[in-house]
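Engineer: What follows is upload_13.cif, made up of mmCIF, C-alpha atoms:
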data_model
loop_
_atom_site.label_atom_id
_atom_site.label_comp_id
_atom_site.auth_asym_id
_atom_site.auth_seq_id
_atom_site.Cartn_x
_atom_site.Cartn_y
_atom_site.Cartn_z
CA MET U 1 -14.52 -24.02 -13.53
CA GLU U 2 -11.15 -23.78 -11.76
CA ASP U 3 -9.60 -20.33 -11.89
CA THR U 4 -5.84 -19.89 -11.99
CA PRO U 5 -4.49 -18.73 -8.64
CA PHE U 6 -3.75 -15.05 -8.00
CA ARG U 7 0.00 -15.10 -7.44
CA ILE U 8 2.25 -12.15 -6.63
CA GLY U 9 5.92 -13.03 -6.32
CA ASP U 10 6.03 -16.28 -4.37
CA ARG U 11 2.70 -15.77 -2.60
CA THR U 12 -0.80 -16.85 -3.60
CA PHE U 13 -4.00 -15.05 -2.61
CA LYS U 14 -7.66 -16.01 -2.63
CA SER U 15 -9.12 -12.54 -3.15
CA ARG U 16 -8.33 -10.44 -6.19
CA LEU U 17 -9.46 -7.30 -4.38
CA ILE U 18 -6.82 -5.24 -2.60
CA VAL U 19 -8.14 -2.54 -0.29
CA GLY U 20 -6.71 0.59 1.26
CA THR U 21 -7.20 1.58 4.89
CA GLY U 22 -7.32 5.37 4.58
CA LYS U 23 -10.23 7.76 5.13
CA TYR U 24 -12.24 5.60 7.56
CA LYS U 25 -13.80 7.19 10.62
CA ASP U 26 -11.98 4.81 12.99
CA PHE U 27 -10.02 1.56 13.05
CA ALA U 28 -13.13 -0.46 13.97
CA GLU U 29 -14.83 0.66 10.77
CA THR U 30 -11.61 -0.05 8.83
CA ARG U 31 -11.57 -3.61 10.12
CA ARG U 32 -15.25 -4.25 9.40
CA SER U 33 -14.88 -2.89 5.90
CA VAL U 34 -11.76 -4.94 5.18
CA GLU U 35 -13.44 -8.11 6.47
CA GLU U 36 -16.55 -7.47 4.37
CA SER U 37 -14.43 -6.89 1.26
CA GLY U 38 -12.85 -10.32 1.62
CA ALA U 39 -9.45 -8.83 0.75
CA ASP U 40 -6.26 -10.69 1.69
CA ILE U 41 -3.98 -7.74 0.94
CA VAL U 42 -4.43 -4.35 2.61
CA THR U 43 -2.43 -1.21 1.96
CA VAL U 44 -1.17 1.04 4.74
CA ALA U 45 0.80 4.28 4.86
CA VAL U 46 4.10 4.84 6.66
CA ARG U 47 4.10 7.83 9.00
CA ARG U 48 5.88 9.16 12.08
CA VAL U 49 4.61 7.74 15.37
CA ASN U 50 2.54 10.26 17.29
CA ILE U 51 4.86 11.05 20.18
CA THR U 52 2.56 13.39 22.07
CA ASP U 53 -0.44 11.04 22.15
CA ARG U 54 1.10 7.68 23.06
CA SER U 55 -2.21 6.10 24.03
CA LYS U 56 -3.25 6.14 20.38
CA GLU U 57 -4.35 2.81 18.97
CA ASN U 58 -2.26 1.15 16.30
CA LEU U 59 -3.71 0.03 12.98
CA LEU U 60 -2.00 -3.37 13.26
CA ASP U 61 -3.95 -4.03 16.47
CA PHE U 62 -7.04 -4.08 14.23
CA LEU U 63 -5.57 -5.82 11.18
CA ASP U 64 -3.63 -8.90 12.24
CA PRO U 65 -0.51 -9.20 10.05
CA ALA U 66 -0.76 -12.99 10.49
CA LYS U 67 -4.13 -12.88 8.75
CA PHE U 68 -3.60 -10.15 6.16
CA GLN U 69 -0.74 -9.36 3.83
CA ILE U 70 0.14 -5.82 4.89
CA LEU U 71 1.20 -3.74 1.89
CA PRO U 72 2.96 -0.53 2.98
CA ASN U 73 2.82 2.26 0.43
CA THR U 74 5.12 5.18 -0.30
CA ALA U 75 2.27 7.68 -0.64
CA GLY U 76 3.43 11.24 -0.15
CA CYS U 77 6.87 10.57 -1.67
CA TYR U 78 7.94 12.77 -4.57
CA THR U 79 11.42 11.35 -5.18
CA ALA U 80 12.99 7.90 -5.62
CA GLU U 81 15.18 8.57 -2.58
CA GLU U 82 12.20 9.28 -0.28
CA ALA U 83 10.35 6.22 -1.53
CA ILE U 84 13.34 3.91 -1.05
CA ARG U 85 13.87 5.26 2.47
CA THR U 86 10.18 4.69 3.28
CA CYS U 87 10.30 1.10 2.00
CA ARG U 88 13.40 0.27 4.03
CA LEU U 89 11.71 1.54 7.18
CA ALA U 90 8.44 -0.23 6.37
CA ARG U 91 10.22 -3.57 5.96
CA GLU U 92 11.83 -3.15 9.37
CA VAL U 93 8.40 -3.12 11.04
CA GLY U 94 8.42 -6.84 10.28
CA VAL U 95 5.45 -7.57 8.04
CA GLY U 96 7.39 -8.70 5.00
CA ALA U 97 9.03 -7.10 2.00
CA MET U 98 6.04 -6.47 -0.27
CA VAL U 99 5.61 -2.75 -0.97
CA LYS U 100 3.38 -0.52 -3.05
CA LEU U 101 5.74 1.88 -4.78
CA GLU U 102 4.06 5.21 -5.41
CA ILE U 103 6.06 8.28 -6.40
CA ILE U 104 3.92 11.29 -7.17
CA GLY U 105 4.95 13.61 -9.97
CA ASP U 106 2.20 16.20 -9.74
CA GLN U 107 0.32 17.40 -6.69
CA LYS U 108 -2.94 18.23 -8.44
CA THR U 109 -3.48 15.07 -10.47
CA LEU U 110 -1.40 12.75 -8.25
CA PHE U 111 -0.11 11.17 -11.45
CA PRO U 112 3.08 9.18 -10.89
CA ASP U 113 6.61 10.27 -11.72
CA VAL U 114 7.35 7.32 -13.99
CA PRO U 115 11.15 7.76 -14.43
CA ALA U 116 11.57 8.10 -10.64
CA THR U 117 9.35 5.05 -10.10
CA ILE U 118 11.49 2.94 -12.47
CA GLU U 119 14.67 4.18 -10.80
CA ALA U 120 13.38 3.33 -7.30
CA ALA U 121 12.01 -0.04 -8.46
CA LYS U 122 15.46 -1.12 -9.68
CA VAL U 123 17.04 -0.33 -6.30
CA LEU U 124 14.25 -1.95 -4.28
CA VAL U 125 14.22 -5.13 -6.37
CA LYS U 126 17.98 -5.43 -5.87
CA GLU U 127 17.41 -5.11 -2.11
CA GLY U 128 14.96 -8.01 -2.15
CA PHE U 129 11.65 -6.16 -2.06
CA THR U 130 8.54 -7.45 -3.83
CA VAL U 131 7.67 -4.25 -5.67
CA LEU U 132 4.14 -3.36 -6.79
CA PRO U 133 4.35 -0.02 -8.60
CA TYR U 134 1.54 2.50 -9.12
CA VAL U 135 1.95 3.71 -12.69
CA THR U 136 0.10 5.52 -15.47
CA ASP U 137 -1.93 3.39 -17.91
CA ASP U 138 1.02 3.46 -20.29
CA PRO U 139 2.04 0.10 -21.80
CA VAL U 140 5.66 1.18 -22.27
CA ALA U 141 6.01 2.38 -18.67
CA CYS U 142 4.51 -0.91 -17.47
CA LYS U 143 6.98 -2.84 -19.62
CA ARG U 144 9.94 -0.93 -18.18
CA LEU U 145 8.75 -1.65 -14.64
CA GLU U 146 8.36 -5.33 -15.43
CA GLU U 147 11.89 -5.34 -16.87
CA ALA U 148 13.08 -3.68 -13.67
CA GLY U 149 11.89 -6.77 -11.81
CA CYS U 150 8.57 -5.61 -10.36
CA ALA U 151 6.31 -8.45 -9.18
CA ALA U 152 3.22 -6.79 -10.68
CA VAL U 153 2.26 -3.58 -12.45
CA MET U 154 -0.51 -1.36 -11.14
CA PRO U 155 -1.77 1.06 -13.80
CA LEU U 156 -4.26 3.68 -12.69
CA ALA U 157 -7.80 3.57 -14.06
CA ALA U 158 -8.28 7.29 -13.39
CA PRO U 159 -6.78 9.83 -10.94
CA ILE U 160 -6.55 8.69 -7.30
CA GLY U 161 -9.81 9.27 -5.46
CA SER U 162 -11.59 10.56 -8.59
CA GLY U 163 -14.07 7.70 -8.97
CA LEU U 164 -14.07 8.23 -12.74
CA GLY U 165 -13.72 4.55 -13.58
CA ILE U 166 -11.55 3.07 -16.32
CA ARG U 167 -10.70 5.97 -18.64
CA ASN U 168 -8.69 3.97 -21.14
CA PRO U 169 -9.78 0.34 -21.30
CA TYR U 170 -7.83 -0.16 -24.54
CA ASN U 171 -4.53 0.75 -22.89
CA ILE U 172 -5.36 -1.54 -19.98
CA ARG U 173 -6.00 -4.35 -22.49
CA ILE U 174 -2.66 -3.76 -24.20
CA ILE U 175 -0.91 -3.76 -20.81
CA ILE U 176 -2.60 -7.06 -19.92
CA GLU U 177 -1.71 -8.65 -23.27
CA GLN U 178 1.98 -7.87 -23.01
CA ALA U 179 2.51 -8.37 -19.25
CA LYS U 180 4.01 -11.53 -17.82
CA VAL U 181 3.38 -10.29 -14.26
CA PRO U 182 -0.05 -9.63 -12.71
CA VAL U 183 -1.81 -6.43 -13.79
CA ILE U 184 -3.68 -4.74 -10.96
CA VAL U 185 -5.77 -1.66 -11.63
CA ASP U 186 -4.91 0.83 -8.91
CA ALA U 187 -6.90 4.02 -8.34
CA GLY U 188 -9.87 5.64 -10.03
CA VAL U 189 -12.56 3.05 -9.39
CA GLY U 190 -15.84 4.70 -8.32
CA THR U 191 -18.39 1.94 -7.97
CA ALA U 192 -18.92 -1.79 -8.36
CA SER U 193 -19.40 -1.76 -12.14
CA ASP U 194 -15.97 -0.11 -12.57
CA ALA U 195 -14.36 -2.96 -10.65
CA ALA U 196 -16.29 -5.53 -12.70
CA VAL U 197 -15.18 -3.87 -15.96
CA ALA U 198 -11.54 -4.03 -14.84
CA MET U 199 -11.85 -7.74 -14.14
CA GLU U 200 -13.76 -8.40 -17.39
CA LEU U 201 -10.89 -6.76 -19.28
CA GLY U 202 -8.66 -9.46 -17.81
CA CYS U 203 -6.98 -7.62 -14.94
CA ASP U 204 -5.59 -9.92 -12.26
CA GLY U 205 -6.83 -7.70 -9.46
CA VAL U 206 -8.05 -4.26 -8.44
CA LEU U 207 -6.76 -1.99 -5.67
CA MET U 208 -9.10 0.62 -4.23
CA ASN U 209 -9.61 2.77 -1.17
CA THR U 210 -11.79 5.85 -1.64
CA ALA U 211 -14.54 4.01 -3.55
CA ILE U 212 -15.22 1.99 -0.39
CA ALA U 213 -14.15 4.32 2.42
CA GLY U 214 -15.90 7.32 0.86
CA ALA U 215 -19.21 5.56 0.18
CA ARG U 216 -22.21 6.54 2.30
CA ASP U 217 -22.17 2.99 3.71
CA PRO U 218 -18.57 1.74 3.42
CA ILE U 219 -19.37 -1.73 4.81
CA ALA U 220 -22.08 -2.31 2.18
CA MET U 221 -19.83 -0.95 -0.58
CA ALA U 222 -17.02 -3.27 0.54
CA ARG U 223 -19.37 -6.21 -0.02
CA ALA U 224 -20.50 -4.80 -3.37
CA MET U 225 -16.88 -4.58 -4.47
CA ARG U 226 -16.15 -8.15 -3.38
CA LEU U 227 -19.09 -9.39 -5.46
CA ALA U 228 -18.15 -7.18 -8.42
CA ILE U 229 -14.59 -8.49 -8.47
CA GLU U 230 -15.84 -12.08 -8.32
CA ALA U 231 -18.50 -11.48 -10.98
CA GLY U 232 -16.10 -9.68 -13.29
CA ARG U 233 -13.45 -12.36 -12.94
CA LEU U 234 -15.98 -15.12 -13.55
CA ALA U 235 -17.31 -13.34 -16.64
CA TYR U 236 -13.76 -12.97 -17.95
CA THR U 237 -12.93 -16.64 -17.49
CA ALA U 238 -16.36 -17.65 -18.87
CA GLY U 239 -15.61 -15.75 -22.09
CA ARG U 240 -18.12 -13.15 -23.19
CA ILE U 241 -19.98 -13.18 -26.51
CA GLU U 242 -18.81 -11.07 -29.40
CA ARG U 243 -20.33 -7.65 -29.92
CA LYS U 244 -22.56 -7.55 -33.02
CA LEU U 245 -24.30 -4.65 -34.65
CA TYR U 246 -27.57 -6.47 -35.43
CA ALA U 247 -29.88 -8.72 -33.48
CA THR U 248 -29.76 -12.50 -33.36
CA ALA U 249 -32.95 -14.09 -32.06
CA SER U 250 -32.76 -16.09 -28.85
CA SER U 251 -35.94 -18.07 -29.54
CA PRO U 252 -36.35 -20.63 -32.38
CA LEU U 253 -37.40 -19.17 -35.71
CA THR U 254 -39.34 -22.35 -36.58
CA GLY U 255 -42.54 -23.80 -35.09
CA LEU U 256 -44.33 -20.50 -34.80
CA ILE U 257 -48.11 -20.79 -34.50
CA GLY U 258 -49.79 -20.13 -37.78
CA MET Q 1 29.64 24.94 39.80
CA PRO Q 2 30.68 21.35 39.20
CA SER Q 3 27.47 19.85 40.61
CA LYS Q 4 25.35 21.69 38.07
CA MET Q 5 27.75 20.76 35.28
CA SER Q 6 27.42 17.06 36.03
CA GLN Q 7 23.63 17.36 36.12
CA VAL Q 8 23.57 19.01 32.72
CA SER Q 9 25.87 16.48 31.16
CA SER Q 10 23.74 13.54 32.35
CA PHE Q 11 20.96 14.59 29.99
CA ILE Q 12 21.11 14.79 26.22
CA THR Q 13 18.79 16.16 23.57
CA VAL Q 14 17.91 14.12 20.51
CA GLN Q 15 15.70 15.07 17.59
CA LEU Q 16 12.76 12.66 17.76
CA ASN Q 17 10.47 12.83 14.71
CA GLY Q 18 11.61 16.39 14.14
CA GLU Q 19 11.06 17.56 17.74
CA PRO Q 20 13.71 18.03 20.42
CA CYS Q 21 13.46 15.36 23.11
CA ARG Q 22 15.43 15.44 26.37
CA ILE Q 23 16.48 12.03 27.59
CA GLU Q 24 18.96 10.63 30.07
CA GLY Q 25 22.49 10.28 28.76
CA ASP Q 26 23.69 6.79 27.83
CA SER Q 27 20.11 5.68 27.09
CA SER Q 28 19.84 2.73 24.75
CA LEU Q 29 17.39 2.86 21.88
CA SER Q 30 15.42 0.04 23.56
CA ALA Q 31 15.13 2.11 26.76
CA LEU Q 32 13.72 5.07 24.82
CA ILE Q 33 11.22 2.86 22.98
CA ALA Q 34 10.11 1.33 26.29
CA ARG Q 35 9.79 4.79 27.86
CA LEU Q 36 7.61 5.91 24.95
CA ASN Q 37 5.40 2.87 25.51
CA MET Q 38 5.81 1.59 21.97
CA LYS Q 39 5.49 -2.02 20.83
CA ARG Q 40 8.53 -3.25 18.94
CA GLY Q 41 6.43 -5.15 16.42
CA ARG Q 42 4.55 -2.01 15.44
CA ILE Q 43 7.40 0.38 14.70
CA ALA Q 44 10.65 0.88 12.83
CA VAL Q 45 13.50 3.22 13.69
CA GLU Q 46 15.92 5.26 11.64
CA LEU Q 47 18.95 6.78 13.37
CA ASN Q 48 20.77 9.58 11.55
CA GLY Q 49 19.33 8.41 8.24
CA GLU Q 50 20.07 4.69 8.66
CA VAL Q 51 17.49 2.01 9.50
CA VAL Q 52 18.32 0.30 12.80
CA PRO Q 53 17.49 -3.43 12.76
CA LYS Q 54 15.42 -4.53 15.77
CA ALA Q 55 18.20 -6.87 16.91
CA GLU Q 56 20.45 -3.85 17.45
CA HIS Q 57 18.03 -1.72 19.50
CA ASP Q 58 19.61 -2.91 22.77
CA LYS Q 59 23.14 -2.17 21.59
CA VAL Q 60 22.57 1.32 20.19
CA VAL Q 61 23.39 4.06 22.72
CA LEU Q 62 21.94 7.45 21.90
CA ARG Q 63 24.18 10.51 21.66
CA ASP Q 64 23.43 14.21 21.98
CA GLY Q 65 22.13 15.58 18.67
CA ASP Q 66 21.13 12.20 17.23
CA ARG Q 67 18.31 12.39 14.72
CA LEU Q 68 15.70 9.69 15.27
CA GLU Q 69 12.72 8.82 13.15
CA ILE Q 70 10.23 6.33 14.56
CA ILE Q 71 7.48 5.27 12.18
CA ASN Q 72 4.39 3.10 12.29
CA PHE Q 73 1.62 2.17 9.91
CA VAL Q 74 -1.48 4.34 9.55
CA GLY Q 75 -4.49 4.14 7.26
CA GLY Q 76 -3.58 4.70 3.62
CA GLY Q 77 -4.40 3.61 0.08
#
Step by step, read the file and then write its structure as structure tokens.
Structural biologist:
Amino acid sequence: MEDTPFRIGDRTFKSRLIVGTGKYKDFAETRRSVEESGADIVTVAVRRVNITDRSKENLLDFLDPAKFQILPNTAGCYTAEEAIRTCRLAREVGVGAMVKLEIIGDQKTLFPDVPATIEAAKVLVKEGFTVLPYVTDDPVACKRLEEAGCAAVMPLAAPIGSGLGIRNPYNIRIIIEQAKVPVIVDAGVGTASDAAVAMELGCDGVLMNTAIAGARDPIAMARAMRLAIEAGRLAYTAGRIERKLYATASSPLTGLIG
Amino acid sequence: MPSKMSQVSSFITVQLNGEPCRIEGDSSLSALIARLNMKRGRIAVELNGEVVPKAEHDKVVLRDGDRLEIINFVGGG
């Protein structure tokens, strides 16, 4: 069965798994993990260059921007102004204009500041960015971001790095039903079954970092996630059976030995 | 002491990623980037709050007190 392509803005991707590059022990492990995950899109953070240690390796020496879509994030930003500034700088590096907009509203939960995110999205869209916003699993917030011109919406499954899985599958379903842009679950996935559930719900993709990088064997978990995303997507397109309260026999009820 | 005066004025101090950095006066942004051993395709520069397009790095001459931010990509989610 032919699946519909995974399209964000004017670009099409093979993999529906988007992976982060944080929390790995070194860039070599980052690269191996990304390759094993099969991801086409990888998120990165924007930070000051280390001036004192100039010999330091650069992440892009390990992840070829010609091979991967680099998705800079605005992690660490608490205001629309900071996030917009970060995106403008990120674009100037020269890896395209696709950005993950993330404006944190609370330090402890890392839940997003939704009004600030909408405000920043409007400015960034006007400036030609392809904006992928991290947002709460709130259908109205997702709608506002879509109206602001975002190329996708990325509701959280659970708090960033929590590994709690999809806390509100019904909200995610409502978001998927109403959205005309791709819905990508971002944050909260803990293990492969969580990723599969997201895809079975009908999500277009899943973005994760800690679930892979924090696993005892990140390379193996990267592969598990790739398979889970593929399995979940396939199950979604295959169309699952309805849930019933009582049994229905799988074997014929006639021809029993007497 | 005119000789000392001229020596002082040939150097300037800019704020580079929040730290004072003494460089030769009339340095271009490109010259500073080269001196810091940075690859142009790996970084982006903001001068006094404004992004500087790569095409203008040669033309921009740094002044005493300029605030520079040079960023690159690091691991993140």
Engineer: Selected by the PyMOL selection byres ((chain Q) within 6 of (chain U)) in the shown coordinates: which residues, as an mmCIF file with C-alpha atoms, in the frame of the given file?
Structural biologist:
data_model
loop_
_atom_site.group_PDB
_atom_site.id
_atom_site.type_symbol
_atom_site.label_atom_id
_atom_site.label_comp_id
_atom_site.auth_asym_id
_atom_site.auth_seq_id
_atom_site.Cartn_x
_atom_site.Cartn_y
_atom_site.Cartn_z
ATOM 1 C CA ARG Q 42 4.550 -2.010 15.440
ATOM 2 C CA ILE Q 43 7.400 0.380 14.700
ATOM 3 C CA ALA Q 44 10.650 0.880 12.830
ATOM 4 C CA ILE Q 70 10.230 6.330 14.560
ATOM 5 C CA ILE Q 71 7.480 5.270 12.180
ATOM 6 C CA ASN Q 72 4.390 3.100 12.290
ATOM 7 C CA PHE Q 73 1.620 2.170 9.910
ATOM 8 C CA VAL Q 74 -1.480 4.340 9.550
ATOM 9 C CA GLY Q 75 -4.490 4.140 7.260
ATOM 10 C CA GLY Q 76 -3.580 4.700 3.620
ATOM 11 C CA GLY Q 77 -4.400 3.610 0.080
#
Engineer: Applied to this file, what does the PyMOL selection byres ((chain U and resi 146-149) around 12) return in terms of residues, put as a PyMOL selection string?
Structural biologist: chain U and resi 9+115+117-133+135+139-145+150-154+175-176+178-183
Engineer: Determine the residue membership of the PyMOL selection byres ((chain U and resi 193) around 12) for the file above and supply it as a tab-separated table (two decimals) with C-alpha atoms, in the frame of the given file.
Structural biologist:
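part.tsv written:
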chain	number	residue	atom	x	y	z
U	163	GLY	CA	-14.07	7.70	-8.97
U	164	LEU	CA	-14.07	8.23	-12.74
U	165	GLY	CA	-13.72	4.55	-13.58
U	166	ILE	CA	-11.55	3.07	-16.32
U	189	VAL	CA	-12.56	3.05	-9.39
U	190	GLY	CA	-15.84	4.70	-8.32
U	191	THR	CA	-18.39	1.94	-7.97
U	192	ALA	CA	-18.92	-1.79	-8.36
U	194	ASP	CA	-15.97	-0.11	-12.57
U	195	ALA	CA	-14.36	-2.96	-10.65
U	196	ALA	CA	-16.29	-5.53	-12.70
U	197	VAL	CA	-15.18	-3.87	-15.96
U	198	ALA	CA	-11.54	-4.03	-14.84
U	199	MET	CA	-11.85	-7.74	-14.14
U	200	GLU	CA	-13.76	-8.40	-17.39
U	211	ALA	CA	-14.54	4.01	-3.55
U	221	MET	CA	-19.83	-0.95	-0.58
U	224	ALA	CA	-20.50	-4.80	-3.37
U	225	MET	CA	-16.88	-4.58	-4.47
U	226	ARG	CA	-16.15	-8.15	-3.38
U	227	LEU	CA	-19.09	-9.39	-5.46
U	228	ALA	CA	-18.15	-7.18	-8.42
U	229	ILE	CA	-14.59	-8.49	-8.47
U	230	GLU	CA	-15.84	-12.08	-8.32
U	231	ALA	CA	-18.50	-11.48	-10.98
U	232	GLY	CA	-16.10	-9.68	-13.29
Engineer: If I take atom CA of Val206 of chain U and atom CA of Ala39 of chain U, how far is one from the other in Å, to one decimal?
Structural biologist: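 Separation between atom CA of Val206 of chain U and atom CA of Ala39 of chain U: 10.4 Å.
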Engineer: Out of U:Leu234, U:Met98, U:Leu110, U:Ala215, which residue has the shortest atom-to-atom distance to Gly202 of chain U when counting all atoms listed in the file?
Structural biologist: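 Distance minimum relative to Gly202 of chain U lands on U:Leu234.
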Engineer: Could you please determine the separation between atom CA of Ala158 of chain U and atom CA of Gly205 of chain U in Å, to one decimal place?
Structural biologist: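 About the pair atom CA of Ala158 of chain U and atom CA of Gly205 of chain U: they are 15.6 Å apart.
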Engineer: From the coordinates I just gave you, please extract segment 55-74 of chain Q so that only N, CA and C atoms remain, then output it as an mmCIF file, in the first residue's frame.
Structural biologist:
data_model
loop_
_atom_site.group_PDB
_atom_site.id
_atom_site.type_symbol
_atom_site.label_atom_id
_atom_site.label_comp_id
_atom_site.auth_asym_id
_atom_site.auth_seq_id
_atom_site.Cartn_x
_atom_site.Cartn_y
_atom_site.Cartn_z
ATOM 1 N N ALA Q 55 27.645 37.836 3.229
ATOM 2 C CA ALA Q 55 28.181 38.630 2.118
ATOM 3 C C ALA Q 55 28.775 39.959 2.593
ATOM 4 N N GLU Q 56 28.381 40.382 3.793
ATOM 5 C CA GLU Q 56 28.873 41.677 4.295
ATOM 6 C C GLU Q 56 30.021 41.554 5.287
ATOM 7 N N HIS Q 57 30.453 40.330 5.577
ATOM 8 C CA HIS Q 57 31.516 40.140 6.580
ATOM 9 C C HIS Q 57 32.807 40.864 6.205
ATOM 10 N N ASP Q 58 33.113 40.902 4.903
ATOM 11 C CA ASP Q 58 34.340 41.586 4.444
ATOM 12 C C ASP Q 58 34.236 43.096 4.639
ATOM 13 N N LYS Q 59 33.039 43.601 4.437
ATOM 14 C CA LYS Q 59 32.838 45.064 4.430
ATOM 15 C C LYS Q 59 32.750 45.667 5.833
ATOM 16 N N VAL Q 60 32.292 44.852 6.790
ATOM 17 C CA VAL Q 60 32.064 45.391 8.136
ATOM 18 C C VAL Q 60 33.384 45.596 8.873
ATOM 19 N N VAL Q 61 33.644 46.835 9.278
ATOM 20 C CA VAL Q 61 34.853 47.154 10.058
ATOM 21 C C VAL Q 61 34.437 47.340 11.512
ATOM 22 N N LEU Q 62 35.137 46.644 12.389
ATOM 23 C CA LEU Q 62 34.751 46.658 13.800
ATOM 24 C C LEU Q 62 35.226 47.933 14.495
ATOM 25 N N ARG Q 63 34.397 48.416 15.408
ATOM 26 C CA ARG Q 63 34.680 49.644 16.155
ATOM 27 C C ARG Q 63 34.796 49.314 17.644
ATOM 28 N N ASP Q 64 35.498 50.173 18.357
ATOM 29 C CA ASP Q 64 35.651 49.997 19.800
ATOM 30 C C ASP Q 64 34.263 49.955 20.454
ATOM 31 N N GLY Q 65 34.053 48.959 21.305
ATOM 32 C CA GLY Q 65 32.782 48.861 22.036
ATOM 33 C C GLY Q 65 31.700 48.084 21.307
ATOM 34 N N ASP Q 66 31.990 47.632 20.089
ATOM 35 C CA ASP Q 66 30.992 46.833 19.357
ATOM 36 C C ASP Q 66 30.638 45.579 20.153
ATOM 37 N N ARG Q 67 29.372 45.223 20.086
ATOM 38 C CA ARG Q 67 28.929 43.984 20.732
ATOM 39 C C ARG Q 67 28.700 42.918 19.666
ATOM 40 N N LEU Q 68 29.478 41.849 19.758
ATOM 41 C CA LEU Q 68 29.398 40.774 18.768
ATOM 42 C C LEU Q 68 28.880 39.500 19.409
ATOM 43 N N GLU Q 69 27.981 38.844 18.699
ATOM 44 C CA GLU Q 69 27.571 37.502 19.109
ATOM 45 C C GLU Q 69 27.876 36.584 17.943
ATOM 46 N N ILE Q 70 28.640 35.536 18.193
ATOM 47 C CA ILE Q 70 28.901 34.541 17.153
ATOM 48 C C ILE Q 70 28.347 33.217 17.645
ATOM 49 N N ILE Q 71 27.435 32.658 16.879
ATOM 50 C CA ILE Q 71 26.761 31.412 17.301
ATOM 51 C C ILE Q 71 27.090 30.248 16.362
ATOM 52 N N ASN Q 72 26.914 29.063 16.879
ATOM 53 C CA ASN Q 72 26.946 27.860 16.042
ATOM 54 C C ASN Q 72 25.892 26.889 16.563
ATOM 55 N N PHE Q 73 25.810 25.740 15.906
ATOM 56 C CA PHE Q 73 24.829 24.748 16.323
ATOM 57 C C PHE Q 73 25.487 23.740 17.278
ATOM 58 N N VAL Q 74 24.762 23.404 18.322
ATOM 59 C CA VAL Q 74 25.203 22.370 19.264
ATOM 60 C C VAL Q 74 24.067 21.344 19.406
#
